[in-house]
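**Student:** My structure is in work_32.txt, and what it holds is compact mmCIF, C-alpha atoms:
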```txt
# COMPACT_ATOMS: atom_id res chain seq x y z
CA MET A 1 117.39 97.00 88.58
CA ARG A 2 114.07 98.78 88.58
CA ALA A 3 113.06 101.33 91.17
CA GLN A 4 110.14 100.37 93.37
CA THR A 5 107.31 102.86 93.00
CA SER A 6 104.16 103.56 94.91
CA GLY A 7 101.09 102.21 93.23
CA PRO A 8 97.42 103.10 92.90
CA THR A 9 94.91 102.68 95.68
CA VAL A 10 93.17 99.40 94.89
CA THR A 11 91.03 97.60 97.46
CA GLY A 12 92.04 94.02 98.08
CA ASP A 13 88.52 92.62 98.18
CA ASP A 14 87.37 94.44 95.00
CA VAL A 15 88.20 92.09 92.13
CA GLN A 16 86.49 94.30 89.57
CA GLY A 17 88.58 97.25 90.72
CA GLN A 18 91.72 95.15 90.40
CA LEU A 19 90.73 94.07 86.89
CA ALA A 20 90.05 97.67 85.90
CA GLU A 21 93.50 98.73 87.09
CA LEU A 22 95.11 95.76 85.34
CA ARG A 23 93.31 96.77 82.13
CA ARG A 24 94.61 100.32 82.50
CA SER A 25 98.21 99.72 83.57
CA HIS A 26 98.99 96.07 82.70
CA PRO A 27 96.79 95.06 79.74
CA GLU A 28 98.91 91.98 79.05
CA LEU A 29 98.10 90.69 82.55
CA HIS A 30 94.46 91.72 82.34
CA ALA A 31 94.20 89.53 79.23
CA LEU A 32 94.85 86.49 81.41
CA ALA A 33 91.57 86.90 83.30
CA ASP A 34 88.73 84.56 82.36
CA PRO A 35 85.40 86.48 82.49
CA ARG A 36 83.42 83.26 82.79
CA ARG A 37 85.38 82.06 85.82
CA ILE A 38 85.26 85.49 87.45
CA ALA A 39 81.49 85.71 87.01
CA ALA A 40 80.99 82.25 88.50
CA TRP A 41 83.30 83.03 91.42
CA GLU A 42 81.56 86.32 92.20
CA ALA A 43 78.12 84.68 91.96
CA ALA A 44 79.15 82.07 94.54
CA ARG A 45 81.15 84.43 96.72
CA GLY A 46 78.26 85.71 98.83
CA SER A 47 77.12 82.24 99.84
CA ALA A 48 80.58 80.77 100.42
CA PRO A 49 81.52 80.15 104.05
CA GLY A 50 83.95 82.70 105.45
CA ARG A 51 87.56 81.66 106.00
CA HIS A 52 89.88 83.11 108.58
CA ASP A 53 92.61 85.27 107.07
CA ASP A 54 95.87 84.60 108.92
CA PHE A 55 97.50 87.34 106.86
CA GLY A 56 94.88 90.01 107.43
CA ALA A 57 95.43 93.50 108.82
CA ASP A 58 95.53 94.34 112.52
CA GLY A 59 93.19 92.21 114.52
CA GLU A 60 92.91 89.16 116.72
CA GLY A 61 94.55 86.14 115.16
CA SER A 62 96.16 87.81 112.11
CA ARG A 63 99.79 88.53 111.31
CA GLY A 64 99.60 90.32 107.99
CA VAL A 65 101.05 93.59 109.27
CA GLU A 66 104.06 91.89 110.87
CA TYR A 67 104.63 89.76 107.77
CA VAL A 68 104.70 92.79 105.47
CA GLN A 69 107.01 94.61 107.87
CA ALA A 70 109.46 91.70 107.84
CA GLN A 71 109.67 91.74 104.04
CA ALA A 72 110.10 95.51 103.94
CA LEU A 73 112.95 95.45 106.47
CA ASN A 74 114.82 92.57 104.82
CA ARG A 75 113.74 92.02 101.23
CA ARG A 76 116.72 89.77 100.52
CA ALA A 77 116.23 87.38 103.44
CA ARG A 78 115.04 84.60 101.11
CA GLU A 79 116.86 85.69 97.97
CA THR A 80 118.74 82.39 97.57
CA GLY A 81 115.56 80.32 97.49
CA ILE A 82 113.74 82.72 95.18
CA ARG A 83 116.61 82.61 92.68
CA LYS A 84 116.49 78.81 92.63
CA LEU A 85 112.72 78.63 92.25
CA LEU A 86 112.76 80.98 89.28
CA GLY A 87 115.61 78.96 87.82
CA PHE A 88 113.29 75.95 87.62
CA ALA A 89 110.85 78.05 85.59
CA GLU A 90 113.39 79.54 83.18
CA THR A 91 112.46 77.08 80.44
CA ALA A 92 109.09 78.82 80.10
CA ARG A 93 108.80 79.86 76.49
CA ARG A 94 109.11 83.41 75.20
CA THR A 95 106.15 84.51 73.13
CA ALA A 96 106.51 84.98 69.40
CA ALA A 97 106.22 88.73 69.89
CA GLY A 98 109.25 88.68 72.19
CA ASP A 99 107.30 89.57 75.31
CA ARG A 100 108.56 88.37 78.67
CA PRO A 101 107.12 85.01 79.78
CA VAL A 102 104.24 85.35 82.22
CA LEU A 103 104.57 83.79 85.68
CA VAL A 104 101.61 83.56 88.06
CA ASP A 105 102.62 83.64 91.73
CA LEU A 106 99.65 81.89 93.34
CA LEU A 107 100.65 82.64 96.95
CA GLY A 108 102.26 85.97 96.19
CA GLY A 109 101.39 87.80 99.40
CA ASP A 110 102.40 91.44 99.11
CA GLY A 111 104.42 90.77 95.95
CA LEU A 112 107.74 89.73 97.45
CA VAL A 113 108.84 87.55 94.52
CA ARG A 114 108.11 90.26 91.94
CA LYS A 115 109.82 92.92 94.07
CA VAL A 116 112.96 90.81 94.55
CA CYS A 117 113.08 89.98 90.83
CA GLU A 118 112.80 93.62 89.82
CA GLU A 119 115.23 94.97 92.40
CA LEU A 120 117.92 92.34 91.85
CA GLY A 121 117.37 91.61 88.18
CA ILE A 122 116.48 87.95 88.78
CA GLY A 123 114.84 86.13 85.92
CA ASP A 124 112.96 87.74 83.07
CA PHE A 125 109.31 87.17 83.95
CA ASN A 126 106.24 89.36 83.90
CA ILE A 127 104.74 88.34 87.24
CA LEU A 128 101.10 88.50 88.29
CA THR A 129 100.88 88.33 92.07
CA CYS A 130 97.82 86.49 93.40
CA ASP A 131 96.68 85.85 96.94
CA ALA A 132 93.58 84.88 98.91
CA SER A 133 94.15 87.63 101.49
CA PRO A 134 92.57 91.01 100.67
CA HIS A 135 95.12 92.70 102.94
CA MET A 136 98.01 91.19 100.99
CA VAL A 137 96.47 92.24 97.66
CA THR A 138 95.86 95.78 98.91
CA THR A 139 99.45 96.01 100.13
CA ALA A 140 100.81 94.67 96.85
CA TRP A 141 98.98 97.29 94.78
CA ALA A 142 100.11 100.04 97.17
CA ALA A 143 103.69 99.05 96.38
CA GLY A 144 103.09 99.12 92.63
CA VAL A 145 102.74 95.35 92.25
CA PRO A 146 99.90 94.18 89.96
CA ALA A 147 97.80 91.72 91.94
CA LEU A 148 94.57 89.76 91.83
CA LEU A 149 92.51 88.32 94.66
CA GLN A 150 91.98 84.61 94.09
CA ARG A 151 92.46 81.30 95.83
CA ALA A 152 95.21 78.96 94.65
CA GLU A 153 92.72 76.13 94.15
CA GLN A 154 90.31 78.39 92.22
CA PRO A 155 92.36 80.57 89.88
CA LEU A 156 90.42 83.01 87.71
CA LEU A 157 92.70 82.83 84.67
CA ARG A 158 92.19 81.45 81.16
CA ASP A 159 93.24 78.02 79.93
CA HIS A 160 96.74 77.83 78.38
CA SER A 161 97.45 81.49 79.10
CA VAL A 162 100.66 81.56 81.18
CA ASP A 163 104.21 80.24 80.96
CA ALA A 164 104.90 79.39 84.59
CA VAL A 165 102.93 78.90 87.80
CA LEU A 166 104.60 79.23 91.19
CA LEU A 167 103.15 77.87 94.45
CA ALA A 168 105.63 78.80 97.17
CA TYR A 169 106.16 80.24 100.64
CA GLY A 170 102.92 79.06 102.17
CA SER A 171 101.90 75.97 100.18
CA HIS A 172 101.16 74.13 103.44
CA HIS A 173 98.33 76.63 104.03
CA VAL A 174 96.48 74.98 101.13
CA PRO A 175 94.29 72.26 102.70
CA SER A 176 95.32 68.71 101.81
CA SER A 177 91.94 68.20 100.15
CA ASP A 178 92.65 71.07 97.72
CA ARG A 179 96.27 70.38 96.80
CA GLN A 180 95.54 68.11 93.85
CA THR A 181 93.16 70.75 92.52
CA VAL A 182 95.93 73.37 92.66
CA ALA A 183 98.32 71.17 90.66
CA THR A 184 95.60 70.35 88.13
CA GLU A 185 94.50 73.97 87.77
CA ALA A 186 98.10 75.03 87.25
CA ARG A 187 98.34 72.48 84.43
CA ARG A 188 95.16 73.92 82.91
CA MET A 189 96.60 77.45 82.85
CA LEU A 190 99.96 76.51 81.35
CA ARG A 191 100.87 76.93 77.71
CA PRO A 192 102.86 74.23 75.90
CA GLY A 193 106.40 74.34 77.30
CA GLY A 194 105.15 75.75 80.62
CA THR A 195 106.30 74.87 84.12
CA PHE A 196 104.60 74.43 87.49
CA VAL A 197 106.87 74.88 90.54
CA LEU A 198 105.58 73.71 93.93
CA HIS A 199 107.71 74.65 96.94
CA ASP A 200 107.28 73.69 100.57
CA PHE A 201 108.95 71.65 103.32
CA LEU A 202 109.05 67.99 104.20
CA VAL A 203 107.09 66.43 107.03
CA GLY A 204 109.45 65.89 109.98
CA SER A 205 112.05 68.38 108.74
CA PRO A 206 113.54 71.16 110.92
CA VAL A 207 111.08 73.57 109.27
CA ASP A 208 108.21 71.33 110.34
CA VAL A 209 109.61 71.37 113.89
CA TRP A 210 109.92 75.17 113.79
CA PHE A 211 106.30 75.62 112.84
CA GLU A 212 105.06 73.12 115.42
CA GLU A 213 107.23 74.12 118.38
CA VAL A 214 107.75 77.84 117.73
CA THR A 215 105.23 79.37 115.31
CA ASP A 216 102.24 77.44 116.65
CA VAL A 217 103.15 78.26 120.24
CA TYR A 218 104.28 81.89 120.03
CA SER A 219 102.15 83.40 117.23
CA ALA A 220 98.67 84.83 117.60
CA THR A 221 97.41 82.71 114.72
CA GLY A 222 98.81 79.34 115.72
CA HIS A 223 100.12 77.12 112.96
CA LYS A 224 98.45 73.75 112.55
CA PHE A 225 99.11 72.96 108.92
CA LEU A 226 100.37 69.79 107.27
CA HIS A 227 103.57 69.89 105.26
CA PHE A 228 104.38 67.65 102.30
CA THR A 229 106.02 64.32 101.52
CA ARG A 230 107.96 63.53 98.35
CA ASP A 231 105.46 60.85 97.34
CA GLU A 232 102.58 63.28 97.86
CA ILE A 233 104.11 65.88 95.54
CA GLU A 234 105.01 63.30 92.92
CA GLY A 235 101.44 61.99 93.04
CA TYR A 236 99.94 65.44 92.48
CA LEU A 237 102.16 66.08 89.46
CA GLU A 238 101.48 62.68 87.94
CA LYS A 239 97.72 62.85 88.37
CA ALA A 240 97.62 66.39 86.96
CA GLY A 241 99.17 65.10 83.76
CA TYR A 242 102.56 66.83 83.59
CA ASP A 243 104.73 65.38 80.86
CA HIS A 244 107.95 65.69 82.85
CA ARG A 245 108.22 65.60 86.64
CA GLU A 246 110.90 65.86 89.31
CA VAL A 247 111.00 66.32 93.08
CA VAL A 248 114.21 67.74 94.56
CA GLU A 249 115.49 69.46 97.68
CA ILE A 250 117.10 72.89 97.61
CA ASP A 251 118.86 75.23 100.02
CA ASP A 252 116.48 78.05 100.94
CA PRO A 253 118.14 79.85 103.87
CA TYR A 254 117.27 82.98 105.78
CA THR A 255 119.94 85.69 105.73
CA ALA A 256 120.50 89.08 107.32
CA VAL A 257 123.35 91.57 107.00
CA ALA A 258 124.39 94.27 109.49
CA ALA A 259 127.42 96.30 110.52
CA THR A 260 128.41 94.09 113.47
CA PRO A 261 127.97 90.41 114.39
CA GLU A 262 125.59 91.27 117.22
CA GLU A 263 123.46 93.49 114.98
CA ALA A 264 123.30 90.77 112.34
CA GLU A 265 122.08 88.25 114.93
CA LEU A 266 119.44 90.70 116.19
CA GLU A 267 118.38 91.46 112.63
CA ILE A 268 117.73 87.81 111.78
CA GLY A 269 115.83 87.45 115.05
CA ARG A 270 113.69 90.49 114.25
CA TYR A 271 113.02 89.21 110.74
CA LEU A 272 111.88 85.78 111.93
CA LEU A 273 109.79 87.21 114.77
CA ASN A 274 107.89 89.47 112.38
CA MET A 275 107.80 86.94 109.56
CA TYR A 276 105.96 84.42 111.71
CA GLY A 277 104.16 86.87 113.97
CA LEU A 278 105.80 85.52 117.14
CA VAL A 279 104.24 88.22 119.31
CA LYS A 280 104.10 86.05 122.43
CA VAL A 281 107.91 85.99 122.56
CA PHE A 282 107.73 89.58 123.81
CA GLU A 283 106.03 88.44 127.02
CA GLY A 284 108.53 89.01 129.84
CA ARG A 285 111.30 90.08 127.45
CA THR A 286 112.61 93.38 126.13
CA GLU A 287 112.60 93.91 122.38
CA GLN A 288 116.27 93.00 122.01
CA GLU A 289 115.88 89.98 124.30
CA ALA A 290 113.00 88.78 122.15
CA TYR A 291 114.98 89.11 118.93
CA ARG A 292 117.96 87.35 120.49
CA TRP A 293 115.77 84.51 121.79
CA VAL A 294 114.26 83.96 118.33
CA ALA A 295 117.70 83.98 116.68
CA GLU A 296 119.13 81.48 119.15
CA THR A 297 116.08 79.25 118.88
CA ALA A 298 116.27 79.28 115.09
CA LYS A 299 119.95 78.34 115.19
CA ALA A 300 119.12 75.41 117.44
CA VAL A 301 116.19 74.17 115.32
CA PHE A 302 117.54 74.65 111.80
CA ARG A 303 120.29 72.03 111.71
CA TYR A 304 121.02 69.60 108.89
CA PRO A 305 123.90 67.35 110.02
CA ASP A 306 123.25 64.81 107.26
CA ALA A 307 122.96 67.31 104.41
CA GLU A 308 125.16 66.43 101.46
CA SER A 309 125.37 70.07 100.37
CA GLY A 310 124.73 73.48 101.87
CA LEU A 311 125.16 74.54 105.47
CA ALA A 312 124.64 72.03 108.26
CA SER A 313 124.14 74.78 110.85
CA SER A 314 124.03 78.57 111.11
CA GLU A 315 126.93 80.63 109.84
CA LEU A 316 128.20 84.11 110.74
CA ARG A 317 130.83 85.57 108.46
CA GLN A 318 132.26 88.93 107.50
CA GLU A 319 131.39 90.34 104.10
CA GLY A 320 133.93 91.86 101.75
CA THR A 321 132.26 95.21 102.32
CA GLY A 322 133.00 95.01 106.05
CA GLY A 323 129.51 94.05 107.19
CA TRP A 324 128.49 90.77 108.75
CA ARG A 325 126.10 88.18 107.30
CA VAL A 326 124.26 85.61 109.35
CA THR A 327 122.75 82.64 107.52
CA ILE A 328 120.21 80.25 109.01
CA PRO A 329 120.11 77.09 106.87
CA ARG A 330 116.80 75.78 105.62
CA ARG A 331 116.02 72.94 103.22
CA ALA A 332 112.93 73.04 101.04
CA VAL A 333 111.34 70.43 98.80
CA VAL A 334 110.39 71.43 95.26
CA GLY A 335 108.18 69.61 92.80
CA VAL A 336 108.55 70.65 89.16
CA GLY A 337 105.98 69.70 86.55
CA ARG A 338 106.64 70.55 82.92
CA VAL A 339 104.31 70.55 79.93
CA SER A 340 105.83 69.37 76.68
CA ALA A 341 106.49 72.14 74.18
CA THR A 342 104.64 70.04 71.63
CA ALA A 343 101.68 69.30 73.88
CA GLY A 344 98.24 69.92 72.46
CA LYS A 345 95.78 72.16 74.23
CA ALA A 346 93.91 69.28 75.80
CA ALA A 347 95.16 68.78 79.36
```
As structure tokens, how would this structure be written, given the file I've shared?
**Tutor:**
Amino acid sequence: MRAQTSGPTVTGDDVQGQLAELRRSHPELHALADPRRIAAWEAARGSAPGRHDDFGADGEGSRGVEYVQAQALNRRARETGIRKLLGFAETARRTAAGDRPVLVDLLGGDGLVRKVCEELGIGDFNILTCDASPHMVTTAWAAGVPALLQRAEQPLLRDHSVDAVLLAYGSHHVPSSDRQTVATEARRMLRPGGTFVLHDFLVGSPVDVWFEEVTDVYSATGHKFLHFTRDEIEGYLEKAGYDHREVVEIDDPYTAVAATPEEAELEIGRYLLNMYGLVKVFEGRTEQEAYRWVAETAKAVFRYPDAESGLASSELRQEGTGGWRVTIPRRAVVGVGRVSATAGKAA
């Protein structure tokens, strides 16, 4: 387990500053950057229409501060899902020099996946965190996480330069019109033997209901985004040219641990409230009432009575250490596209 350290001050909207810091402190990650793509992106940046940043800093219609706070307070809330996602990418090849395989986290936020991997010793990847939100990139660097501002559908990295590409925990924020581009661009960046992992949630699932009936109603940002279907994911992988493809469901629950059952319930409520920026829940409620309301609502929404594996409903159990763990079940859909180890460099 590696200690988390404070990082340099790097501005999230300054790509050149990020590249300079990558060159200084992470030259192997800096080598991934494609100068031609960066120059083209910067040339078009000034004329590109502005996009609202749901994960920005304090301000009307943003929840970036609350999101970062949720991860800081409960880093292991989504540990189960993260372990499984990295397991899909474990076939990524090790370089001849013995370096760790490189994984690009396209929707990396403030670097949660890298932080969890380092703190818990999950996987053996050198992770470059990427995000379209300057606030998320700034926050990642401040925590010592190497990061690069870029959009998932317009990555700034070289062809055949990485071993794994992860699109997770926010894939539905990618517009439907751009999703094929993301899968195709991931294929472009992968070396032979590489893996693309796409994670999200199925249309009509309890997660879809949660976003529509809770997040959209009680957050400052709203949440009108389309989730995925199995056929949609399979189509993206096939059209992008992956040699091997699969679409599966996995358990990806939320968890929280505290000294007592009541504290555990409040902790999961606090995590979910901050995670999704459910600030309107506070209206007419005390802080504890708000956390309790969110926890009870989540337990009612996240039910999987027909699930063949995993929890069908929430669970509260005592840990061997004497604490209490609450688990809110959640099922995710994962598309995995693999490039043959013998594939040529032509996509």
**Student:** Can you list, as a PDB file with C-alpha atoms, in the coordinates of the input, every protein, DNA or RNA residue that comes within 12 Å of Thr139 (chain A) when you count all atoms listed in the file, leaving out same-chain residues fewer than 6 positions away?
**Tutor:**
```
ATOM      1  CA  SER A   6     104.160 103.560  94.910  1.00  0.00           C
ATOM      2  CA  GLY A   7     101.090 102.210  93.230  1.00  0.00           C
ATOM      3  CA  PRO A   8      97.420 103.100  92.900  1.00  0.00           C
ATOM      4  CA  THR A   9      94.910 102.680  95.680  1.00  0.00           C
ATOM      5  CA  VAL A  10      93.170  99.400  94.890  1.00  0.00           C
ATOM      6  CA  THR A  11      91.030  97.600  97.460  1.00  0.00           C
ATOM      7  CA  GLY A  12      92.040  94.020  98.080  1.00  0.00           C
ATOM      8  CA  ASP A  13      88.520  92.620  98.180  1.00  0.00           C
ATOM      9  CA  PHE A  55      97.500  87.340 106.860  1.00  0.00           C
ATOM     10  CA  GLY A  56      94.880  90.010 107.430  1.00  0.00           C
ATOM     11  CA  ALA A  57      95.430  93.500 108.820  1.00  0.00           C
ATOM     12  CA  GLY A  64      99.600  90.320 107.990  1.00  0.00           C
ATOM     13  CA  VAL A  65     101.050  93.590 109.270  1.00  0.00           C
ATOM     14  CA  TYR A  67     104.630  89.760 107.770  1.00  0.00           C
ATOM     15  CA  VAL A  68     104.700  92.790 105.470  1.00  0.00           C
ATOM     16  CA  GLN A  69     107.010  94.610 107.870  1.00  0.00           C
ATOM     17  CA  GLN A  71     109.670  91.740 104.040  1.00  0.00           C
ATOM     18  CA  ALA A  72     110.100  95.510 103.940  1.00  0.00           C
ATOM     19  CA  GLY A 108     102.260  85.970  96.190  1.00  0.00           C
ATOM     20  CA  GLY A 109     101.390  87.800  99.400  1.00  0.00           C
ATOM     21  CA  ASP A 110     102.400  91.440  99.110  1.00  0.00           C
ATOM     22  CA  GLY A 111     104.420  90.770  95.950  1.00  0.00           C
ATOM     23  CA  LEU A 112     107.740  89.730  97.450  1.00  0.00           C
ATOM     24  CA  THR A 129     100.880  88.330  92.070  1.00  0.00           C
ATOM     25  CA  CYS A 130      97.820  86.490  93.400  1.00  0.00           C
ATOM     26  CA  ASP A 131      96.680  85.850  96.940  1.00  0.00           C
ATOM     27  CA  SER A 133      94.150  87.630 101.490  1.00  0.00           C
ATOM     28  CA  VAL A 145     102.740  95.350  92.250  1.00  0.00           C
ATOM     29  CA  PRO A 146      99.900  94.180  89.960  1.00  0.00           C
ATOM     30  CA  ALA A 147      97.800  91.720  91.940  1.00  0.00           C
ATOM     31  CA  LEU A 148      94.570  89.760  91.830  1.00  0.00           C
ATOM     32  CA  LEU A 149      92.510  88.320  94.660  1.00  0.00           C
TER      33      LEU A 149
END
```
**Student:** Neighbours of region 248-261 of chain A within 7 Å (only C-alpha atoms; same-chain residues fewer than 3 positions away dropped), as a list of chain:residue names?
**Tutor:** A:Ala77, A:Arg78, A:Thr80, A:Gly81, A:Ala264, A:Glu265, A:Glu267, A:Ile268, A:Gly310, A:Gly323, A:Trp324, A:Arg325, A:Val326, A:Thr327, A:Ile328, A:Pro329, A:Arg330, A:Arg331, A:Ala332, A:Val333, A:Val334, A:Gly335
**Student:** Keeping C-alpha atoms, export the residues of the selection given above as a compact mmCIF listing (two decimals), in the frame of the given file.
**Tutor:**
```
# COMPACT_ATOMS: atom_id res chain seq x y z
CA ALA A 77 116.23 87.38 103.44
CA ARG A 78 115.04 84.60 101.11
CA THR A 80 118.74 82.39 97.57
CA GLY A 81 115.56 80.32 97.49
CA ALA A 264 123.30 90.77 112.34
CA GLU A 265 122.08 88.25 114.93
CA GLU A 267 118.38 91.46 112.63
CA ILE A 268 117.73 87.81 111.78
CA GLY A 310 124.73 73.48 101.87
CA GLY A 323 129.51 94.05 107.19
CA TRP A 324 128.49 90.77 108.75
CA ARG A 325 126.10 88.18 107.30
CA VAL A 326 124.26 85.61 109.35
CA THR A 327 122.75 82.64 107.52
CA ILE A 328 120.21 80.25 109.01
CA PRO A 329 120.11 77.09 106.87
CA ARG A 330 116.80 75.78 105.62
CA ARG A 331 116.02 72.94 103.22
CA ALA A 332 112.93 73.04 101.04
CA VAL A 333 111.34 70.43 98.80
CA VAL A 334 110.39 71.43 95.26
CA GLY A 335 108.18 69.61 92.80
```
**Student:** Could you tell me how far CA of Ile127 (chain A) lies from CA of Ser161 (chain A), in Å and to one decimal?
**Tutor:**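 A separation of 12.9 Å between them.
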**Student:** Could you check how far CA of Thr297 (chain A) sits from CA of Glu213 (chain A), in Å to one decimal?
**Tutor:**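 These atoms are spaced 10.2 Å apart.
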**Student:** Given the point (83.5, 78.3, 91.5) in the file's coordinates, find the residues that have an atom at most 12 Å from it, counting all atoms listed in the file, and give them as a tab-separated table (two decimals) with C-alpha atoms, in the coordinates of the input.
**Tutor:**
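Result went into part_14.tsv, see below:
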```
chain	number	residue	atom	x	y	z
A	36	ARG	CA	83.42	83.26	82.79
A	37	ARG	CA	85.38	82.06	85.82
A	38	ILE	CA	85.26	85.49	87.45
A	39	ALA	CA	81.49	85.71	87.01
A	40	ALA	CA	80.99	82.25	88.50
A	41	TRP	CA	83.30	83.03	91.42
A	42	GLU	CA	81.56	86.32	92.20
A	43	ALA	CA	78.12	84.68	91.96
A	44	ALA	CA	79.15	82.07	94.54
A	45	ARG	CA	81.15	84.43	96.72
A	46	GLY	CA	78.26	85.71	98.83
A	47	SER	CA	77.12	82.24	99.84
A	48	ALA	CA	80.58	80.77	100.42
A	150	GLN	CA	91.98	84.61	94.09
A	151	ARG	CA	92.46	81.30	95.83
A	153	GLU	CA	92.72	76.13	94.15
A	154	GLN	CA	90.31	78.39	92.22
A	155	PRO	CA	92.36	80.57	89.88
A	156	LEU	CA	90.42	83.01	87.71
```
**Student:** What's the separation between CA of Ser219 (chain A) and CA of Leu273 (chain A), in Å to one decimal place?
**Tutor:**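 Value for the CA of Ser219 (chain A)-CA of Leu273 (chain A) distance: 8.9 Å.
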**Student:** Name the closest residue to Val339 (chain A) among the candidates A:Ala300, A:Leu202, A:Ala186, A:Ile233; distances are taken between atoms, counting all atoms listed in the file.
**Tutor:**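 Among the listed residues, A:Ala186 lies closest to Val339 (chain A).
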**Student:** Between A:Glu212, A:Glu289, A:Asp54, A:Asp163, which has the minimum distance to Pro192 (chain A) (counting only C-alpha atoms)?
**Tutor:**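 Under the stated criterion, the closest residue is A:Asp163.
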**Student:** Go through A:Met275, A:Val15, A:Val102, A:Met136 one by one, measure the shortest atom-to-atom distance of each to Ala31 (chain A) using all atoms listed in the file, and give the residue with the smallest value.
**Tutor:**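 Smallest separation from Ala31 (chain A) among the options: A:Val102.
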**Student:** As an mmCIF file with C-alpha atoms, in the coordinates of the input, please: the residues near Lys239 (chain A) (cut-off 8 Å, all atoms listed in the file, same-chain neighbours under 3 positions excluded).
**Tutor:**
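Done, and the output landed in out22.cif:
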```cif
data_model
loop_
_atom_site.group_PDB
_atom_site.id
_atom_site.type_symbol
_atom_site.label_atom_id
_atom_site.label_comp_id
_atom_site.auth_asym_id
_atom_site.auth_seq_id
_atom_site.Cartn_x
_atom_site.Cartn_y
_atom_site.Cartn_z
ATOM 1 C CA GLN A 180 95.540 68.110 93.850
ATOM 2 C CA THR A 184 95.600 70.350 88.130
ATOM 3 C CA GLY A 235 101.440 61.990 93.040
ATOM 4 C CA TYR A 236 99.940 65.440 92.480
ATOM 5 C CA TYR A 242 102.560 66.830 83.590
#
```
**Student:** If I only have part of region 280-284 of chain A, can you fill in all heavy atoms and write it as a JSON list (two decimals), in the coordinates of the input?
**Tutor:**
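Saved to result.json:
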```json
[["chain", "number", "residue", "atom", "x", "y", "z"],
["A", 280, "LYS", "N", 104.07, 86.52, 121.05],
["A", 280, "LYS", "CA", 104.10, 86.05, 122.43],
["A", 280, "LYS", "C", 105.52, 85.95, 122.98],
["A", 280, "LYS", "O", 105.72, 85.84, 124.20],
["A", 280, "LYS", "CB", 103.40, 84.69, 122.54],
["A", 280, "LYS", "CG", 101.91, 84.75, 122.21],
["A", 280, "LYS", "CD", 101.25, 83.38, 122.31],
["A", 280, "LYS", "CE", 99.78, 83.45, 121.90],
["A", 280, "LYS", "NZ", 99.13, 82.11, 121.94],
["A", 281, "VAL", "N", 106.52, 86.00, 122.10],
["A", 281, "VAL", "CA", 107.91, 85.99, 122.56],
["A", 281, "VAL", "C", 108.22, 87.25, 123.36],
["A", 281, "VAL", "O", 109.09, 87.25, 124.24],
["A", 281, "VAL", "CB", 108.87, 85.85, 121.36],
["A", 281, "VAL", "CG1", 110.32, 85.98, 121.80],
["A", 281, "VAL", "CG2", 108.65, 84.52, 120.67],
["A", 282, "PHE", "N", 107.50, 88.33, 123.09],
["A", 282, "PHE", "CA", 107.73, 89.58, 123.81],
["A", 282, "PHE", "C", 107.33, 89.50, 125.29],
["A", 282, "PHE", "O", 107.75, 90.34, 126.09],
["A", 282, "PHE", "CB", 106.97, 90.73, 123.16],
["A", 282, "PHE", "CG", 107.57, 91.21, 121.87],
["A", 282, "PHE", "CD1", 106.84, 91.16, 120.69],
["A", 282, "PHE", "CD2", 108.86, 91.72, 121.84],
["A", 282, "PHE", "CE1", 107.39, 91.61, 119.50],
["A", 282, "PHE", "CE2", 109.42, 92.17, 120.65],
["A", 282, "PHE", "CZ", 108.68, 92.11, 119.49],
["A", 283, "GLU", "N", 106.51, 88.53, 125.64],
["A", 283, "GLU", "CA", 106.03, 88.44, 127.02],
["A", 283, "GLU", "C", 107.19, 88.18, 127.98],
["A", 283, "GLU", "O", 107.86, 87.15, 127.92],
["A", 283, "GLU", "CB", 104.99, 87.33, 127.14],
["A", 283, "GLU", "CG", 103.73, 87.60, 126.32],
["A", 283, "GLU", "CD", 102.75, 86.44, 126.32],
["A", 283, "GLU", "OE1", 103.02, 85.44, 127.03],
["A", 283, "GLU", "OE2", 101.72, 86.53, 125.61],
["A", 284, "GLY", "N", 107.46, 89.14, 128.86],
["A", 284, "GLY", "CA", 108.53, 89.01, 129.84],
["A", 284, "GLY", "C", 109.91, 89.30, 129.29],
["A", 284, "GLY", "O", 110.90, 89.07, 129.98]]
```
